[in-house]
>>> print(open('run_36.cif').read())   # mmCIF, N, CA and C atoms
data_model
loop_
_atom_site.label_atom_id
_atom_site.label_comp_id
_atom_site.auth_asym_id
_atom_site.auth_seq_id
_atom_site.Cartn_x
_atom_site.Cartn_y
_atom_site.Cartn_z
N ARG I 143 0.81 -1.19 0.00
CA ARG I 143 0.00 0.00 0.00
C ARG I 143 0.85 1.25 0.00
N GLY I 144 1.82 1.25 -0.91
CA GLY I 144 2.59 2.46 -1.06
C GLY I 144 3.68 2.59 -0.04
N GLN I 145 4.12 3.82 0.09
CA GLN I 145 5.28 4.11 0.91
C GLN I 145 5.00 5.32 1.79
N LEU I 146 5.59 5.31 2.98
CA LEU I 146 5.51 6.44 3.89
C LEU I 146 6.91 7.01 4.05
N VAL I 147 7.05 8.30 3.84
CA VAL I 147 8.37 8.92 3.92
C VAL I 147 8.30 10.09 4.89
N GLU I 148 9.09 10.00 5.95
CA GLU I 148 9.13 11.06 6.94
C GLU I 148 10.22 12.08 6.60
N SER I 149 10.01 13.31 7.02
CA SER I 149 11.02 14.35 6.88
C SER I 149 10.78 15.39 7.96
N GLY I 150 11.75 16.28 8.14
CA GLY I 150 11.59 17.39 9.07
C GLY I 150 12.32 17.25 10.38
N GLY I 151 12.96 16.11 10.60
CA GLY I 151 13.70 15.94 11.84
C GLY I 151 14.94 16.82 11.86
N GLY I 152 15.58 16.90 13.02
CA GLY I 152 16.79 17.70 13.15
C GLY I 152 17.17 17.88 14.60
N SER I 153 18.05 18.83 14.82
CA SER I 153 18.53 19.13 16.17
C SER I 153 18.07 20.51 16.58
N VAL I 154 17.48 20.60 17.78
CA VAL I 154 17.03 21.88 18.30
C VAL I 154 17.36 21.96 19.78
N GLN I 155 17.31 23.15 20.31
CA GLN I 155 17.51 23.33 21.74
C GLN I 155 16.17 23.17 22.46
N SER I 156 16.28 22.86 23.73
CA SER I 156 15.09 22.72 24.57
C SER I 156 14.22 23.97 24.45
N GLY I 157 12.92 23.75 24.29
CA GLY I 157 11.98 24.84 24.10
C GLY I 157 11.70 25.18 22.65
N GLY I 158 12.47 24.60 21.75
CA GLY I 158 12.31 24.88 20.34
C GLY I 158 11.19 24.08 19.70
N SER I 159 11.04 24.23 18.39
CA SER I 159 9.96 23.59 17.65
C SER I 159 10.49 22.92 16.39
N LEU I 160 9.78 21.89 15.97
CA LEU I 160 10.03 21.23 14.70
C LEU I 160 8.69 20.79 14.14
N ARG I 161 8.61 20.68 12.82
CA ARG I 161 7.44 20.10 12.19
C ARG I 161 7.86 18.93 11.33
N LEU I 162 7.34 17.76 11.67
CA LEU I 162 7.61 16.56 10.90
C LEU I 162 6.51 16.37 9.86
N SER I 163 6.91 15.80 8.72
CA SER I 163 5.96 15.48 7.65
C SER I 163 6.04 14.00 7.32
N CYS I 164 4.91 13.43 6.99
CA CYS I 164 4.83 12.04 6.55
C CYS I 164 4.07 12.04 5.23
N ALA I 165 4.79 11.86 4.14
CA ALA I 165 4.17 11.86 2.82
C ALA I 165 3.90 10.43 2.39
N ALA I 166 2.66 10.16 2.04
CA ALA I 166 2.27 8.83 1.58
C ALA I 166 2.22 8.82 0.06
N SER I 167 2.77 7.79 -0.54
CA SER I 167 2.72 7.65 -1.98
C SER I 167 2.25 6.25 -2.33
N GLY I 168 1.58 6.12 -3.47
CA GLY I 168 1.13 4.81 -3.93
C GLY I 168 -0.20 4.37 -3.37
N TYR I 169 -0.73 5.08 -2.41
CA TYR I 169 -2.03 4.74 -1.83
C TYR I 169 -2.55 5.99 -1.14
N THR I 170 -3.86 6.22 -1.26
CA THR I 170 -4.48 7.37 -0.62
C THR I 170 -5.15 6.94 0.68
N TYR I 171 -4.62 7.45 1.78
CA TYR I 171 -5.16 7.11 3.09
C TYR I 171 -6.31 8.06 3.40
N SER I 172 -7.47 7.77 2.84
CA SER I 172 -8.60 8.69 2.97
C SER I 172 -9.48 8.41 4.18
N ASN I 173 -9.44 7.20 4.72
CA ASN I 173 -10.24 6.88 5.90
C ASN I 173 -9.50 5.86 6.75
N ASN I 174 -8.30 6.22 7.11
CA ASN I 174 -7.43 5.31 7.86
C ASN I 174 -6.91 6.01 9.11
N CYS I 175 -6.43 5.21 10.03
CA CYS I 175 -5.70 5.76 11.17
C CYS I 175 -4.24 5.91 10.76
N MET I 176 -3.69 7.08 11.02
CA MET I 176 -2.26 7.29 10.80
C MET I 176 -1.70 7.87 12.10
N ALA I 177 -0.44 7.56 12.35
CA ALA I 177 0.10 7.92 13.67
C ALA I 177 1.58 8.21 13.59
N TRP I 178 2.05 8.88 14.63
CA TRP I 178 3.47 9.08 14.86
C TRP I 178 3.87 8.33 16.13
N PHE I 179 4.99 7.64 16.02
CA PHE I 179 5.59 6.95 17.17
C PHE I 179 7.01 7.46 17.33
N HIS I 180 7.55 7.32 18.50
CA HIS I 180 8.98 7.58 18.67
C HIS I 180 9.63 6.46 19.47
N GLN I 181 10.92 6.33 19.22
CA GLN I 181 11.69 5.28 19.89
C GLN I 181 13.08 5.81 20.21
N ALA I 182 13.40 5.84 21.49
CA ALA I 182 14.73 6.23 21.95
C ALA I 182 15.58 4.98 22.10
N PRO I 183 16.90 5.13 22.04
CA PRO I 183 17.78 3.96 22.18
C PRO I 183 17.50 3.20 23.47
N GLY I 184 17.33 1.89 23.34
CA GLY I 184 17.11 1.05 24.50
C GLY I 184 15.70 1.06 25.05
N LYS I 185 14.80 1.78 24.37
CA LYS I 185 13.42 1.87 24.84
C LYS I 185 12.46 1.32 23.79
N GLU I 186 11.26 1.02 24.23
CA GLU I 186 10.24 0.53 23.30
C GLU I 186 9.66 1.67 22.48
N ARG I 187 9.13 1.30 21.31
CA ARG I 187 8.46 2.28 20.47
C ARG I 187 7.19 2.75 21.18
N GLU I 188 6.98 4.05 21.22
CA GLU I 188 5.89 4.64 21.98
C GLU I 188 5.03 5.51 21.08
N GLY I 189 3.71 5.39 21.22
CA GLY I 189 2.81 6.22 20.45
C GLY I 189 2.83 7.66 20.89
N VAL I 190 2.89 8.58 19.92
CA VAL I 190 2.94 10.01 20.20
C VAL I 190 1.59 10.66 19.90
N ALA I 191 1.11 10.44 18.68
CA ALA I 191 -0.15 11.06 18.26
C ALA I 191 -0.71 10.27 17.09
N ALA I 192 -2.03 10.29 16.97
CA ALA I 192 -2.68 9.59 15.87
C ALA I 192 -3.85 10.41 15.37
N ILE I 193 -4.22 10.16 14.11
CA ILE I 193 -5.33 10.89 13.52
C ILE I 193 -6.13 9.95 12.63
N GLY I 194 -7.43 10.12 12.62
CA GLY I 194 -8.28 9.42 11.67
C GLY I 194 -8.44 10.29 10.45
N THR I 195 -7.91 9.85 9.32
CA THR I 195 -7.86 10.74 8.16
C THR I 195 -9.24 10.97 7.54
N GLY I 196 -10.22 10.16 7.90
CA GLY I 196 -11.56 10.38 7.37
C GLY I 196 -12.27 11.55 8.03
N GLY I 197 -12.15 11.67 9.35
CA GLY I 197 -12.88 12.72 10.06
C GLY I 197 -11.99 13.70 10.81
N GLY I 198 -10.68 13.39 10.90
CA GLY I 198 -9.77 14.30 11.56
C GLY I 198 -9.70 14.17 13.06
N LYS I 199 -10.36 13.15 13.62
CA LYS I 199 -10.28 12.95 15.06
C LYS I 199 -8.85 12.60 15.45
N THR I 200 -8.41 13.13 16.61
CA THR I 200 -7.02 12.92 17.03
C THR I 200 -6.94 12.29 18.41
N HIS I 201 -5.75 11.77 18.69
CA HIS I 201 -5.48 11.15 20.00
C HIS I 201 -4.01 11.34 20.29
N TYR I 202 -3.66 11.71 21.53
CA TYR I 202 -2.29 12.02 21.88
C TYR I 202 -1.81 11.20 23.07
N GLY I 203 -0.51 10.93 23.07
CA GLY I 203 0.10 10.33 24.24
C GLY I 203 0.18 11.37 25.36
N ASP I 204 0.16 10.92 26.60
CA ASP I 204 0.12 11.84 27.73
C ASP I 204 1.33 12.77 27.78
N SER I 205 2.48 12.28 27.35
CA SER I 205 3.70 13.07 27.48
C SER I 205 3.76 14.25 26.50
N VAL I 206 2.89 14.25 25.49
CA VAL I 206 2.97 15.32 24.48
C VAL I 206 1.72 16.19 24.42
N LYS I 207 0.71 15.86 25.20
CA LYS I 207 -0.52 16.66 25.17
C LYS I 207 -0.24 18.11 25.49
N GLY I 208 -0.80 18.99 24.67
CA GLY I 208 -0.60 20.42 24.86
C GLY I 208 0.66 20.96 24.20
N ARG I 209 1.54 20.07 23.73
CA ARG I 209 2.78 20.51 23.08
C ARG I 209 2.83 20.12 21.60
N PHE I 210 2.30 18.97 21.28
CA PHE I 210 2.35 18.46 19.90
C PHE I 210 0.97 18.50 19.28
N THR I 211 0.93 18.72 17.97
CA THR I 211 -0.32 18.71 17.23
C THR I 211 -0.17 17.89 15.95
N ILE I 212 -1.05 16.93 15.77
CA ILE I 212 -1.05 16.14 14.54
C ILE I 212 -2.13 16.71 13.62
N SER I 213 -1.81 16.78 12.34
CA SER I 213 -2.77 17.31 11.37
C SER I 213 -2.58 16.61 10.03
N GLN I 214 -3.47 16.90 9.09
CA GLN I 214 -3.40 16.23 7.80
C GLN I 214 -3.69 17.21 6.68
N ASP I 215 -3.16 16.90 5.52
CA ASP I 215 -3.49 17.62 4.29
C ASP I 215 -3.86 16.54 3.28
N ASN I 216 -5.15 16.31 3.13
CA ASN I 216 -5.59 15.22 2.26
C ASN I 216 -5.19 15.45 0.81
N ALA I 217 -5.14 16.69 0.38
CA ALA I 217 -4.77 16.98 -1.01
C ALA I 217 -3.34 16.54 -1.29
N LYS I 218 -2.50 16.60 -0.25
CA LYS I 218 -1.10 16.20 -0.41
C LYS I 218 -0.85 14.80 0.13
N ASN I 219 -1.89 14.15 0.66
CA ASN I 219 -1.74 12.80 1.22
C ASN I 219 -0.62 12.79 2.25
N THR I 220 -0.62 13.81 3.09
CA THR I 220 0.47 14.02 4.04
C THR I 220 -0.09 14.28 5.44
N VAL I 221 0.58 13.71 6.43
CA VAL I 221 0.26 13.95 7.83
C VAL I 221 1.44 14.67 8.47
N TYR I 222 1.14 15.61 9.34
CA TYR I 222 2.16 16.42 9.97
C TYR I 222 2.16 16.22 11.49
N LEU I 223 3.30 16.50 12.09
CA LEU I 223 3.40 16.54 13.55
C LEU I 223 4.13 17.82 13.91
N GLN I 224 3.38 18.79 14.42
CA GLN I 224 3.97 20.03 14.91
C GLN I 224 4.38 19.82 16.35
N MET I 225 5.65 20.00 16.62
CA MET I 225 6.19 19.76 17.96
C MET I 225 6.71 21.07 18.53
N ASN I 226 6.07 21.54 19.59
CA ASN I 226 6.48 22.77 20.26
C ASN I 226 6.96 22.46 21.67
N SER I 227 7.65 23.43 22.26
CA SER I 227 8.16 23.28 23.63
C SER I 227 8.90 21.96 23.80
N LEU I 228 9.78 21.69 22.87
CA LEU I 228 10.50 20.41 22.88
C LEU I 228 11.39 20.29 24.11
N LYS I 229 11.51 19.06 24.61
CA LYS I 229 12.30 18.74 25.79
C LYS I 229 13.37 17.72 25.41
N PRO I 230 14.45 17.65 26.15
CA PRO I 230 15.48 16.64 25.86
C PRO I 230 14.91 15.22 25.83
N GLU I 231 13.91 14.94 26.64
CA GLU I 231 13.33 13.60 26.66
C GLU I 231 12.51 13.28 25.41
N ASP I 232 12.29 14.28 24.54
CA ASP I 232 11.64 14.02 23.25
C ASP I 232 12.62 13.48 22.23
N THR I 233 13.89 13.48 22.56
CA THR I 233 14.91 12.97 21.64
C THR I 233 14.65 11.51 21.32
N ALA I 234 14.52 11.21 20.03
CA ALA I 234 14.20 9.85 19.59
C ALA I 234 14.15 9.82 18.07
N MET I 235 14.04 8.61 17.53
CA MET I 235 13.68 8.44 16.13
C MET I 235 12.16 8.48 16.05
N TYR I 236 11.65 9.26 15.13
CA TYR I 236 10.20 9.41 14.97
C TYR I 236 9.76 8.69 13.69
N TYR I 237 8.74 7.85 13.85
CA TYR I 237 8.24 7.03 12.74
C TYR I 237 6.78 7.37 12.45
N CYS I 238 6.46 7.39 11.18
CA CYS I 238 5.08 7.51 10.73
C CYS I 238 4.53 6.11 10.46
N ALA I 239 3.26 5.91 10.77
CA ALA I 239 2.65 4.60 10.57
C ALA I 239 1.22 4.75 10.08
N ALA I 240 0.75 3.73 9.37
CA ALA I 240 -0.62 3.74 8.86
C ALA I 240 -1.24 2.37 9.03
N ASP I 241 -2.54 2.36 9.27
CA ASP I 241 -3.31 1.13 9.38
C ASP I 241 -4.13 0.99 8.11
N TYR I 242 -4.08 -0.17 7.43
CA TYR I 242 -4.78 -0.31 6.16
C TYR I 242 -6.28 -0.51 6.34
N LEU I 243 -6.73 -0.83 7.56
CA LEU I 243 -8.16 -1.02 7.79
C LEU I 243 -8.85 0.33 7.93
N PRO I 244 -10.15 0.41 7.66
CA PRO I 244 -10.88 1.66 7.91
C PRO I 244 -10.76 2.06 9.38
N CYS I 245 -10.60 3.34 9.62
CA CYS I 245 -10.34 3.84 10.97
C CYS I 245 -11.65 4.05 11.72
N THR I 246 -11.92 3.22 12.72
CA THR I 246 -13.12 3.38 13.53
C THR I 246 -12.77 3.80 14.95
N VAL I 247 -11.70 3.24 15.48
CA VAL I 247 -11.21 3.62 16.81
C VAL I 247 -9.72 3.92 16.67
N ILE I 248 -9.29 5.05 17.22
CA ILE I 248 -7.89 5.46 17.07
C ILE I 248 -7.07 4.88 18.21
N PHE I 249 -6.07 4.07 17.85
CA PHE I 249 -5.19 3.48 18.84
C PHE I 249 -3.80 4.10 18.74
N LEU I 250 -3.07 4.05 19.84
CA LEU I 250 -1.67 4.44 19.83
C LEU I 250 -0.79 3.25 20.18
N ALA I 251 -1.22 2.07 19.77
CA ALA I 251 -0.44 0.86 19.98
C ALA I 251 0.23 0.47 18.67
N ALA I 252 1.52 0.21 18.73
CA ALA I 252 2.28 -0.07 17.51
C ALA I 252 1.75 -1.27 16.74
N ASP I 253 1.23 -2.28 17.44
CA ASP I 253 0.80 -3.48 16.74
C ASP I 253 -0.53 -3.29 16.00
N GLU I 254 -1.14 -2.10 16.12
CA GLU I 254 -2.36 -1.81 15.36
C GLU I 254 -2.04 -1.26 13.98
N TYR I 255 -0.78 -0.97 13.70
CA TYR I 255 -0.39 -0.33 12.45
C TYR I 255 0.43 -1.29 11.59
N ASN I 256 0.15 -1.23 10.29
CA ASN I 256 0.71 -2.20 9.36
C ASN I 256 1.84 -1.67 8.51
N TYR I 257 1.86 -0.36 8.27
CA TYR I 257 2.84 0.22 7.36
C TYR I 257 3.62 1.30 8.10
N TRP I 258 4.93 1.27 7.87
CA TRP I 258 5.82 2.14 8.62
C TRP I 258 6.81 2.83 7.68
N GLY I 259 7.15 4.07 8.03
CA GLY I 259 8.23 4.74 7.34
C GLY I 259 9.56 4.37 7.94
N GLN I 260 10.62 4.95 7.39
CA GLN I 260 11.98 4.63 7.84
C GLN I 260 12.41 5.44 9.05
N GLY I 261 11.69 6.51 9.33
CA GLY I 261 11.99 7.30 10.52
C GLY I 261 12.81 8.55 10.23
N THR I 262 12.68 9.52 11.12
CA THR I 262 13.48 10.74 11.06
C THR I 262 13.92 11.07 12.49
N GLN I 263 15.18 11.44 12.64
CA GLN I 263 15.76 11.64 13.97
C GLN I 263 15.45 13.05 14.49
N VAL I 264 15.04 13.11 15.74
CA VAL I 264 14.84 14.37 16.45
C VAL I 264 15.74 14.38 17.66
N THR I 265 16.57 15.40 17.78
CA THR I 265 17.48 15.53 18.91
C THR I 265 17.26 16.88 19.56
N VAL I 266 16.97 16.85 20.86
CA VAL I 266 16.72 18.08 21.62
C VAL I 266 17.80 18.21 22.69
N SER I 267 18.53 19.29 22.64
CA SER I 267 19.61 19.51 23.60
C SER I 267 19.15 20.48 24.69
N SER I 268 19.71 20.29 25.87
CA SER I 268 19.32 21.14 27.02
C SER I 268 20.14 22.41 27.07
#
>>> encode(input="run_36.cif", output="structure tokens")
Amino acid sequence: RGQLVESGGGSVQSGGSLRLSCAASGYTYSNNCMAWFHQAPGKEREGVAAIGTGGGKTHYGDSVKGRFTISQDNAKNTVYLQMNSLKPEDTAMYYCAADYLPCTVIFLAADEYNYWGQGTQVTVSS
């Protein structure tokens, strides 16, 4: 079902902002759950934010509520993650994921998602 390509990662200081993009090609995710996960070295992959591309409903992990915003641009088949007030503990590889089933309930569990991008690194220095 196509490819997911992340971009926008980089290095910022604590308190800074970054916007990640996840561009989907080869398939239009018009009514699917799409999500961002992050994984730090030695830790499990953790759900950050998810969106239902059919209705725009969102769900966030507790550690990012109020700081991160997930959004979509259906015309570009792209999902974004706006990250504000970044903290050193946000440092991780960030992955975009998509579920091929119709999105009825939004989960932030990695095993609910079937397609993954290669990831983009985010590093936040104190």
>>> resolve_selection(input="run_36.cif", expression="the PyMOL selection byres ((chain I and resi 190-203) around 8)", output="PyMOL selection string")
chain I and resi 171-180+187-189+204-208+210-214+216+245-251
>>> closest_residue(input="run_36.cif", among="I:Thr265, I:Gln145, I:Gln181, I:Gln224", to="Arg161 in chain I", atoms="all atoms listed in the file")
I:Gln224
>>> residues_around(input="run_36.cif", residues="Gly259 in chain I", least_positions_apart="2", cutoff="8 Å", atoms="all atoms listed in the file", output="list of chain:residue names")
I:Gln145, I:Leu146, I:Val147, I:Glu148, I:Tyr236, I:Tyr237, I:Cys238, I:Ala239, I:Ala240, I:Asn256, I:Tyr257, I:Gly261, I:Thr262
>>> resolve_selection(input="run_36.cif", expression="the PyMOL selection byres ((chain I and resi 155) around 8)", output="JSON, numbers by chain")
{"I": [152, 153, 154, 156, 157, 158, 159, 227, 228, 229, 230, 265, 266, 267, 268]}
>>> write_last_selection(input="run_36.cif", atoms="N, CA and C atoms", output="PDB file, in the frame of the given file")
ATOM      1  N   GLY I 152      15.580  16.900  13.020  1.00  0.00           N
ATOM      2  CA  GLY I 152      16.790  17.700  13.150  1.00  0.00           C
ATOM      3  C   GLY I 152      17.170  17.880  14.600  1.00  0.00           C
ATOM      4  N   SER I 153      18.050  18.830  14.820  1.00  0.00           N
ATOM      5  CA  SER I 153      18.530  19.130  16.170  1.00  0.00           C
ATOM      6  C   SER I 153      18.070  20.510  16.580  1.00  0.00           C
ATOM      7  N   VAL I 154      17.480  20.600  17.780  1.00  0.00           N
ATOM      8  CA  VAL I 154      17.030  21.880  18.300  1.00  0.00           C
ATOM      9  C   VAL I 154      17.360  21.960  19.780  1.00  0.00           C
ATOM     10  N   SER I 156      16.280  22.860  23.730  1.00  0.00           N
ATOM     11  CA  SER I 156      15.090  22.720  24.570  1.00  0.00           C
ATOM     12  C   SER I 156      14.220  23.970  24.450  1.00  0.00           C
ATOM     13  N   GLY I 157      12.920  23.750  24.290  1.00  0.00           N
ATOM     14  CA  GLY I 157      11.980  24.840  24.100  1.00  0.00           C
ATOM     15  C   GLY I 157      11.700  25.180  22.650  1.00  0.00           C
ATOM     16  N   GLY I 158      12.470  24.600  21.750  1.00  0.00           N
ATOM     17  CA  GLY I 158      12.310  24.880  20.340  1.00  0.00           C
ATOM     18  C   GLY I 158      11.190  24.080  19.700  1.00  0.00           C
ATOM     19  N   SER I 159      11.040  24.230  18.390  1.00  0.00           N
ATOM     20  CA  SER I 159       9.960  23.590  17.650  1.00  0.00           C
ATOM     21  C   SER I 159      10.490  22.920  16.390  1.00  0.00           C
ATOM     22  N   SER I 227       7.650  23.430  22.260  1.00  0.00           N
ATOM     23  CA  SER I 227       8.160  23.280  23.630  1.00  0.00           C
ATOM     24  C   SER I 227       8.900  21.960  23.800  1.00  0.00           C
ATOM     25  N   LEU I 228       9.780  21.690  22.870  1.00  0.00           N
ATOM     26  CA  LEU I 228      10.500  20.410  22.880  1.00  0.00           C
ATOM     27  C   LEU I 228      11.390  20.290  24.110  1.00  0.00           C
ATOM     28  N   LYS I 229      11.510  19.060  24.610  1.00  0.00           N
ATOM     29  CA  LYS I 229      12.300  18.740  25.790  1.00  0.00           C
ATOM     30  C   LYS I 229      13.370  17.720  25.410  1.00  0.00           C
ATOM     31  N   PRO I 230      14.450  17.650  26.150  1.00  0.00           N
ATOM     32  CA  PRO I 230      15.480  16.640  25.860  1.00  0.00           C
ATOM     33  C   PRO I 230      14.910  15.220  25.830  1.00  0.00           C
ATOM     34  N   THR I 265      16.570  15.400  17.780  1.00  0.00           N
ATOM     35  CA  THR I 265      17.480  15.530  18.910  1.00  0.00           C
ATOM     36  C   THR I 265      17.260  16.880  19.560  1.00  0.00           C
ATOM     37  N   VAL I 266      16.970  16.850  20.860  1.00  0.00           N
ATOM     38  CA  VAL I 266      16.720  18.080  21.620  1.00  0.00           C
ATOM     39  C   VAL I 266      17.800  18.210  22.690  1.00  0.00           C
ATOM     40  N   SER I 267      18.530  19.290  22.640  1.00  0.00           N
ATOM     41  CA  SER I 267      19.610  19.510  23.600  1.00  0.00           C
ATOM     42  C   SER I 267      19.150  20.480  24.690  1.00  0.00           C
ATOM     43  N   SER I 268      19.710  20.290  25.870  1.00  0.00           N
ATOM     44  CA  SER I 268      19.320  21.140  27.020  1.00  0.00           C
ATOM     45  C   SER I 268      20.140  22.410  27.070  1.00  0.00           C
TER      46      SER I 268
END
>>> atom_distance(input="run_36.cif", atom1="CA of Leu160 in chain I", atom2="atom C of Gln263 in chain I")
9.8 Å
>>> closest_residue(input="run_36.cif", among="I:Tyr255, I:Leu243, I:Val221, I:Ala234", to="Glu186 in chain I", atoms="only C-alpha atoms")
I:Ala234
>>> atom_distance(input="run_36.cif", atom1="CA of Asp241 in chain I", atom2="CA of Pro183 in chain I")
24.8 Å
>>> atom_distance(input="run_36.cif", atom1="atom C of Asn219 in chain I", atom2="CA of Pro244 in chain I")
16.2 Å
>>> decode(input="run_36.cif", residues="range 161-169 of chain I", atoms="all heavy atoms", output="mmCIF file, in the first residue's frame")
data_model
loop_
_atom_site.group_PDB
_atom_site.id
_atom_site.type_symbol
_atom_site.label_atom_id
_atom_site.label_comp_id
_atom_site.auth_asym_id
_atom_site.auth_seq_id
_atom_site.Cartn_x
_atom_site.Cartn_y
_atom_site.Cartn_z
ATOM 1 N N ARG I 161 8.614 20.678 12.823
ATOM 2 C CA ARG I 161 7.436 20.104 12.192
ATOM 3 C C ARG I 161 7.859 18.931 11.330
ATOM 4 O O ARG I 161 8.652 19.090 10.398
ATOM 5 C CB ARG I 161 6.677 21.122 11.344
ATOM 6 C CG ARG I 161 5.338 20.558 10.854
ATOM 7 C CD ARG I 161 4.505 21.549 10.082
ATOM 8 N NE ARG I 161 4.917 21.639 8.688
ATOM 9 C CZ ARG I 161 4.085 21.986 7.708
ATOM 10 N NH1 ARG I 161 2.821 22.280 7.974
ATOM 11 N NH2 ARG I 161 4.530 22.077 6.467
ATOM 12 N N LEU I 162 7.341 17.765 11.667
ATOM 13 C CA LEU I 162 7.608 16.557 10.903
ATOM 14 C C LEU I 162 6.513 16.367 9.855
ATOM 15 O O LEU I 162 5.349 16.698 10.095
ATOM 16 C CB LEU I 162 7.659 15.333 11.810
ATOM 17 C CG LEU I 162 8.621 15.396 12.994
ATOM 18 C CD1 LEU I 162 8.602 14.058 13.736
ATOM 19 C CD2 LEU I 162 10.022 15.759 12.561
ATOM 20 N N SER I 163 6.906 15.804 8.716
ATOM 21 C CA SER I 163 5.958 15.481 7.650
ATOM 22 C C SER I 163 6.045 14.001 7.324
ATOM 23 O O SER I 163 7.128 13.415 7.373
ATOM 24 C CB SER I 163 6.276 16.290 6.388
ATOM 25 O OG SER I 163 6.177 17.673 6.623
ATOM 26 N N CYS I 164 4.911 13.434 6.988
ATOM 27 C CA CYS I 164 4.835 12.044 6.546
ATOM 28 C C CYS I 164 4.072 12.037 5.234
ATOM 29 O O CYS I 164 2.842 12.208 5.223
ATOM 30 C CB CYS I 164 4.135 11.183 7.583
ATOM 31 S SG CYS I 164 3.788 9.497 7.022
ATOM 32 N N ALA I 165 4.786 11.859 4.143
ATOM 33 C CA ALA I 165 4.174 11.857 2.822
ATOM 34 C C ALA I 165 3.905 10.426 2.386
ATOM 35 O O ALA I 165 4.817 9.595 2.365
ATOM 36 C CB ALA I 165 5.079 12.559 1.824
ATOM 37 N N ALA I 166 2.663 10.158 2.043
ATOM 38 C CA ALA I 166 2.271 8.833 1.575
ATOM 39 C C ALA I 166 2.222 8.823 0.063
ATOM 40 O O ALA I 166 1.696 9.747 -0.558
ATOM 41 C CB ALA I 166 0.918 8.448 2.147
ATOM 42 N N SER I 167 2.769 7.794 -0.536
ATOM 43 C CA SER I 167 2.721 7.652 -1.982
ATOM 44 C C SER I 167 2.254 6.249 -2.333
ATOM 45 O O SER I 167 2.475 5.308 -1.573
ATOM 46 C CB SER I 167 4.091 7.911 -2.603
ATOM 47 O OG SER I 167 5.042 6.974 -2.131
ATOM 48 N N GLY I 168 1.578 6.117 -3.468
ATOM 49 C CA GLY I 168 1.130 4.812 -3.932
ATOM 50 C C GLY I 168 -0.196 4.369 -3.366
ATOM 51 O O GLY I 168 -0.754 3.365 -3.808
ATOM 52 N N TYR I 169 -0.726 5.083 -2.412
ATOM 53 C CA TYR I 169 -2.031 4.745 -1.832
ATOM 54 C C TYR I 169 -2.553 5.988 -1.142
ATOM 55 O O TYR I 169 -1.792 6.726 -0.515
ATOM 56 C CB TYR I 169 -1.890 3.614 -0.813
ATOM 57 C CG TYR I 169 -3.204 3.170 -0.213
ATOM 58 C CD1 TYR I 169 -4.078 2.351 -0.927
ATOM 59 C CD2 TYR I 169 -3.584 3.589 1.068
ATOM 60 C CE1 TYR I 169 -5.287 1.949 -0.388
ATOM 61 C CE2 TYR I 169 -4.788 3.193 1.609
ATOM 62 C CZ TYR I 169 -5.630 2.378 0.876
ATOM 63 O OH TYR I 169 -6.828 1.988 1.412
#
